[in-house]
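Shown here: entry24.cif, mmCIF, C-alpha atoms.
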```
data_final
loop_
_atom_site.label_atom_id
_atom_site.label_comp_id
_atom_site.auth_asym_id
_atom_site.auth_seq_id
_atom_site.Cartn_x
_atom_site.Cartn_y
_atom_site.Cartn_z
CA MET J 1 -43.96 -26.38 -33.26
CA THR J 2 -46.43 -25.54 -30.55
CA GLU J 3 -46.20 -22.63 -28.14
CA ARG J 4 -45.08 -24.97 -25.37
CA GLU J 5 -42.35 -26.46 -27.57
CA TYR J 6 -41.25 -22.96 -28.54
CA ASN J 7 -40.94 -21.97 -24.86
CA GLU J 8 -38.96 -25.14 -24.11
CA CYS J 9 -36.66 -24.34 -27.01
CA VAL J 10 -36.10 -20.81 -25.70
CA ASN J 11 -35.33 -22.13 -22.21
CA THR J 12 -33.02 -24.82 -23.56
CA TYR J 13 -31.04 -22.94 -26.19
CA ALA J 14 -31.15 -19.22 -25.38
CA ASP J 15 -27.90 -19.25 -23.40
CA ASN J 16 -26.08 -21.32 -26.02
CA VAL J 17 -27.16 -19.04 -28.87
CA TYR J 18 -26.27 -15.94 -26.85
CA ARG J 19 -22.78 -17.27 -26.02
CA PHE J 20 -22.20 -18.21 -29.66
CA ILE J 21 -23.14 -14.73 -30.90
CA LEU J 22 -21.34 -12.93 -28.07
CA LYS J 23 -18.08 -14.76 -28.80
CA ASN J 24 -18.27 -13.63 -32.40
CA LEU J 25 -19.50 -10.06 -31.94
CA ARG J 26 -17.77 -9.30 -28.62
CA HIS J 27 -20.46 -6.76 -27.77
CA GLU J 28 -23.19 -7.65 -25.28
CA GLU J 29 -25.93 -5.32 -26.51
CA ASP J 30 -25.45 -6.31 -30.14
CA ALA J 31 -25.45 -9.98 -29.17
CA ARG J 32 -28.71 -9.53 -27.25
CA ASP J 33 -30.28 -7.79 -30.24
CA VAL J 34 -29.24 -10.56 -32.61
CA VAL J 35 -30.53 -13.28 -30.27
CA GLN J 36 -33.83 -11.46 -29.77
CA THR J 37 -34.29 -11.10 -33.52
CA THR J 38 -33.46 -14.79 -33.94
CA PHE J 39 -36.11 -15.89 -31.46
CA GLU J 40 -38.57 -13.45 -32.99
CA LYS J 41 -38.07 -15.05 -36.40
CA MET J 42 -38.45 -18.47 -34.83
CA TRP J 43 -41.74 -17.38 -33.27
CA ILE J 44 -43.02 -16.03 -36.58
CA HIS J 45 -42.14 -19.26 -38.40
CA ARG J 46 -42.87 -21.68 -35.54
CA GLU J 47 -45.59 -23.53 -37.44
CA GLU J 48 -43.13 -24.40 -40.23
CA ILE J 49 -40.34 -25.60 -37.91
CA ASP J 50 -39.85 -29.23 -36.99
CA THR J 51 -39.25 -29.42 -33.24
CA GLN J 52 -36.47 -31.97 -33.76
CA LYS J 53 -34.56 -29.44 -35.89
CA SER J 54 -35.19 -26.37 -33.75
CA LYS J 55 -31.60 -26.14 -32.49
CA SER J 56 -30.21 -26.25 -36.02
CA TYR J 57 -32.78 -23.68 -37.14
CA LEU J 58 -31.92 -21.37 -34.25
CA PHE J 59 -28.19 -21.43 -34.87
CA THR J 60 -28.63 -20.99 -38.62
CA VAL J 61 -30.88 -17.97 -38.18
CA ALA J 62 -28.65 -16.54 -35.44
CA TYR J 63 -25.58 -16.89 -37.65
CA ARG J 64 -27.32 -15.17 -40.57
CA GLN J 65 -28.58 -12.39 -38.30
CA MET J 66 -25.06 -11.93 -36.96
CA ILE J 67 -23.64 -11.68 -40.50
CA ASP J 68 -26.32 -9.12 -41.41
CA HIS J 69 -25.48 -7.15 -38.28
CA ILE J 70 -21.75 -7.18 -39.07
CA ARG J 71 -22.42 -6.00 -42.62
CA LYS J 72 -24.66 -3.22 -41.36
CA VAL J 73 -22.03 -2.04 -38.88
CA LYS J 74 -19.32 -2.12 -41.56
CA ARG J 75 -21.47 -0.05 -43.92
CA ILE J 76 -22.05 2.55 -41.23
CA GLN J 77 -18.35 2.69 -40.36
CA LEU J 78 -17.29 2.91 -44.01
CA LYS J 79 -19.82 5.64 -44.64
CA GLU J 80 -18.56 7.64 -41.65
CA GLU J 81 -14.93 7.13 -42.72
CA PHE J 82 -15.79 8.14 -46.26
CA ASN J 83 -17.48 11.32 -45.09
CA GLU J 84 -14.49 12.22 -42.89
CA ASN J 85 -11.80 11.39 -45.44
CA THR J 86 -13.31 12.72 -48.63
CA ARG J 87 -11.78 16.04 -49.33
CA ILE J 88 -11.27 16.95 -52.94
CA GLN J 89 -7.90 18.43 -53.56
CA ASN J 90 -6.70 20.65 -56.41
CA GLN J 91 -10.19 21.68 -57.61
CA PRO J 92 -12.99 23.34 -55.71
CA ALA J 93 -16.19 21.34 -55.25
CA SER J 94 -18.24 23.97 -57.02
CA ASN J 95 -16.24 23.34 -60.21
CA ILE J 96 -16.97 19.61 -60.03
CA LYS J 97 -20.66 20.25 -59.42
CA LYS J 98 -20.71 22.59 -62.37
CA ILE J 99 -19.15 19.98 -64.68
CA LEU J 100 -21.49 17.23 -63.44
CA ASN J 101 -24.53 19.45 -63.89
CA GLU J 102 -23.39 20.41 -67.36
CA ALA J 103 -22.92 16.71 -68.22
CA LEU J 104 -26.40 15.88 -66.90
CA ASN J 105 -27.92 18.80 -68.82
CA ARG J 106 -26.52 17.37 -72.07
CA LEU J 107 -28.67 14.26 -71.62
CA SER J 108 -32.23 13.97 -72.88
CA GLU J 109 -34.96 14.38 -70.28
CA THR J 110 -35.58 10.62 -70.19
CA GLN J 111 -31.89 9.78 -69.83
CA ARG J 112 -31.39 12.38 -67.11
CA SER J 113 -34.42 11.05 -65.20
CA LEU J 114 -33.13 7.49 -65.44
CA VAL J 115 -29.65 8.43 -64.23
CA LEU J 116 -31.05 10.40 -61.30
CA LEU J 117 -33.50 7.65 -60.33
CA LYS J 118 -30.91 4.88 -60.52
CA ASP J 119 -27.65 6.48 -59.43
CA TYR J 120 -28.85 9.21 -57.08
CA GLU J 121 -32.04 7.72 -55.66
CA GLY J 122 -31.09 4.04 -55.82
CA TYR J 123 -34.23 2.63 -57.42
CA SER J 124 -34.10 -0.80 -59.09
CA TYR J 125 -34.59 -1.20 -62.83
CA GLU J 126 -38.05 -2.62 -62.21
CA GLU J 127 -39.07 0.30 -60.00
CA ILE J 128 -37.74 2.81 -62.52
CA GLY J 129 -39.75 1.06 -65.22
CA GLN J 130 -42.90 1.40 -63.13
CA ILE J 131 -42.18 5.06 -62.42
CA THR J 132 -41.38 6.01 -66.02
CA GLY J 133 -43.69 3.61 -67.86
CA LEU J 134 -40.76 1.98 -69.68
CA SER J 135 -40.01 -1.73 -69.78
CA GLU J 136 -37.12 -2.99 -67.68
CA SER J 137 -35.04 -3.68 -70.81
CA GLN J 138 -35.71 -0.15 -72.13
CA VAL J 139 -34.57 1.27 -68.81
CA LYS J 140 -31.32 -0.71 -69.01
CA VAL J 141 -30.63 0.32 -72.61
CA TYR J 142 -31.41 4.02 -72.07
CA LEU J 143 -29.42 4.07 -68.84
CA HIS J 144 -26.43 2.44 -70.52
CA ARG J 145 -26.52 5.00 -73.32
CA ALA J 146 -26.84 7.86 -70.83
CA ARG J 147 -23.89 6.62 -68.77
CA THR J 148 -21.78 6.23 -71.91
CA GLN J 149 -22.63 9.78 -72.92
CA LEU J 150 -21.78 11.05 -69.41
CA LYS J 151 -18.49 9.15 -69.39
CA ASN J 152 -17.49 10.52 -72.80
CA PHE J 153 -18.21 14.07 -71.66
CA LEU J 154 -16.50 13.72 -68.28
CA VAL J 155 -13.30 12.15 -69.62
CA SER J 156 -12.79 14.68 -72.39
CA PRO J 157 -9.53 16.60 -71.72
CA GLU J 158 -11.24 19.92 -70.96
CA ASN J 159 -13.57 18.34 -68.36
CA VAL J 160 -11.30 15.85 -66.58
CA ILE J 161 -12.16 15.93 -62.91
#
```

Rewrite the coordinates I just gave you, this time as structure tokens.
Amino acid sequence: MTEREYNECVNTYADNVYRFILKNLRHEEDARDVVQTTFEKMWIHREEIDTQKSKSYLFTVAYRQMIDHIRKVKRIQLKEEFNENTRIQNQPASNIKKILNEALNRLSETQRSLVLLKDYEGYSYEEIGQITGLSESQVKVYLHRARTQLKNFLVSPENVI
């Protein structure tokens, strides 16, 4: 797709894509953002796009961008709701922290590091392997053993949260 063909595509389909996204999102600013991102992606990949299929490409990318946007908004809303609604009853938070810290302290240094990197920091198995110098399969095995040990400690009658 040439630059001229890209500009013709923008002129021809911009309103249609915008209306499609706006009807689904029902928010003008969000719809504009999604459409702009869609055309940006089309510009980046213009050399790979067949001009005859540009409309199909545009609507496919716009739809996927819209789905990504909806998921992002839901995550933010759920996170805000979770923060507002999470109040631990019956036991003070300091007691829970104490039990969790005690459970983590019972793990070996390697297991504790793996649990913290995966569950607290959100690294992938591959990234943890690179950080720790372990293979991906070793990370999985050690992490499984650490989680089993944590579970056994946390569900024991004297430590039930």

Residues within 8 Å of Gln65 (chain J), please, as an mmCIF file with C-alpha atoms, in the coordinates of the input. Count all atoms listed in the file; anything in the same chain fewer than 3 positions from it doesn't count.
```
data_model
loop_
_atom_site.group_PDB
_atom_site.id
_atom_site.type_symbol
_atom_site.label_atom_id
_atom_site.label_comp_id
_atom_site.auth_asym_id
_atom_site.auth_seq_id
_atom_site.Cartn_x
_atom_site.Cartn_y
_atom_site.Cartn_z
ATOM 1 C CA VAL J 34 -29.240 -10.560 -32.610
ATOM 2 C CA THR J 37 -34.290 -11.100 -33.520
ATOM 3 C CA THR J 38 -33.460 -14.790 -33.940
ATOM 4 C CA VAL J 61 -30.880 -17.970 -38.180
ATOM 5 C CA ALA J 62 -28.650 -16.540 -35.440
ATOM 6 C CA ASP J 68 -26.320 -9.120 -41.410
ATOM 7 C CA HIS J 69 -25.480 -7.150 -38.280
#
```

Minimum-distance residue to Asn16 (chain J), chosen among J:Gln130, J:Thr2, J:Thr51, J:Ser56 (using all atoms listed in the file): J:Ser56

Dig up all the protein and nucleic acid residues within 12 Å of (-41.6, -24.8, -27.7) in the file frame, using only C-alpha atoms, and format them as an mmCIF file with C-alpha atoms, keeping the file's coordinate frame.
```
data_model
loop_
_atom_site.group_PDB
_atom_site.id
_atom_site.type_symbol
_atom_site.label_atom_id
_atom_site.label_comp_id
_atom_site.auth_asym_id
_atom_site.auth_seq_id
_atom_site.Cartn_x
_atom_site.Cartn_y
_atom_site.Cartn_z
ATOM 1 C CA MET J 1 -43.960 -26.380 -33.260
ATOM 2 C CA THR J 2 -46.430 -25.540 -30.550
ATOM 3 C CA GLU J 3 -46.200 -22.630 -28.140
ATOM 4 C CA ARG J 4 -45.080 -24.970 -25.370
ATOM 5 C CA GLU J 5 -42.350 -26.460 -27.570
ATOM 6 C CA TYR J 6 -41.250 -22.960 -28.540
ATOM 7 C CA ASN J 7 -40.940 -21.970 -24.860
ATOM 8 C CA GLU J 8 -38.960 -25.140 -24.110
ATOM 9 C CA CYS J 9 -36.660 -24.340 -27.010
ATOM 10 C CA VAL J 10 -36.100 -20.810 -25.700
ATOM 11 C CA ASN J 11 -35.330 -22.130 -22.210
ATOM 12 C CA THR J 12 -33.020 -24.820 -23.560
ATOM 13 C CA TYR J 13 -31.040 -22.940 -26.190
ATOM 14 C CA PHE J 39 -36.110 -15.890 -31.460
ATOM 15 C CA MET J 42 -38.450 -18.470 -34.830
ATOM 16 C CA TRP J 43 -41.740 -17.380 -33.270
ATOM 17 C CA ARG J 46 -42.870 -21.680 -35.540
ATOM 18 C CA GLU J 47 -45.590 -23.530 -37.440
ATOM 19 C CA ILE J 49 -40.340 -25.600 -37.910
ATOM 20 C CA ASP J 50 -39.850 -29.230 -36.990
ATOM 21 C CA THR J 51 -39.250 -29.420 -33.240
ATOM 22 C CA GLN J 52 -36.470 -31.970 -33.760
ATOM 23 C CA LYS J 53 -34.560 -29.440 -35.890
ATOM 24 C CA SER J 54 -35.190 -26.370 -33.750
ATOM 25 C CA LYS J 55 -31.600 -26.140 -32.490
#
```

d(CA of Leu143 (chain J), CA of Leu116 (chain J)) in Å: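 CA of Leu116 (chain J) lies 10.0 Å from CA of Leu143 (chain J).
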
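The coordinates place CA of Phe153 (chain J) at 9.2 Å from CA of Ile99 (chain J).
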
Could you write out as AutoDock Vina command-line options the box around region 28-35 of chain J (axis-aligned, all atoms listed in the file, 5 Å on each side), with centre and edge lengths in Å to one decimal?
```
--center_x -26.9 --center_y -9.3 --center_z -28.9 --size_x 17.3 --size_y 18.0 --size_z 17.3
```

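Note that the spacing between CA of Val35 (chain J) and CA of Glu48 (chain J) amounts to 19.5 Å.
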
Pick from J:Leu150, J:Ile21, J:Ala14, J:Ile67, whichever lies nearest to Arg112 (chain J) using only C-alpha atoms: J:Leu150

12 Å contact set for Leu104 (chain J), only C-alpha atoms, chain neighbours under 3 positions out, as a ChimeraX atom specification: /J:97-101,107-116,146-154
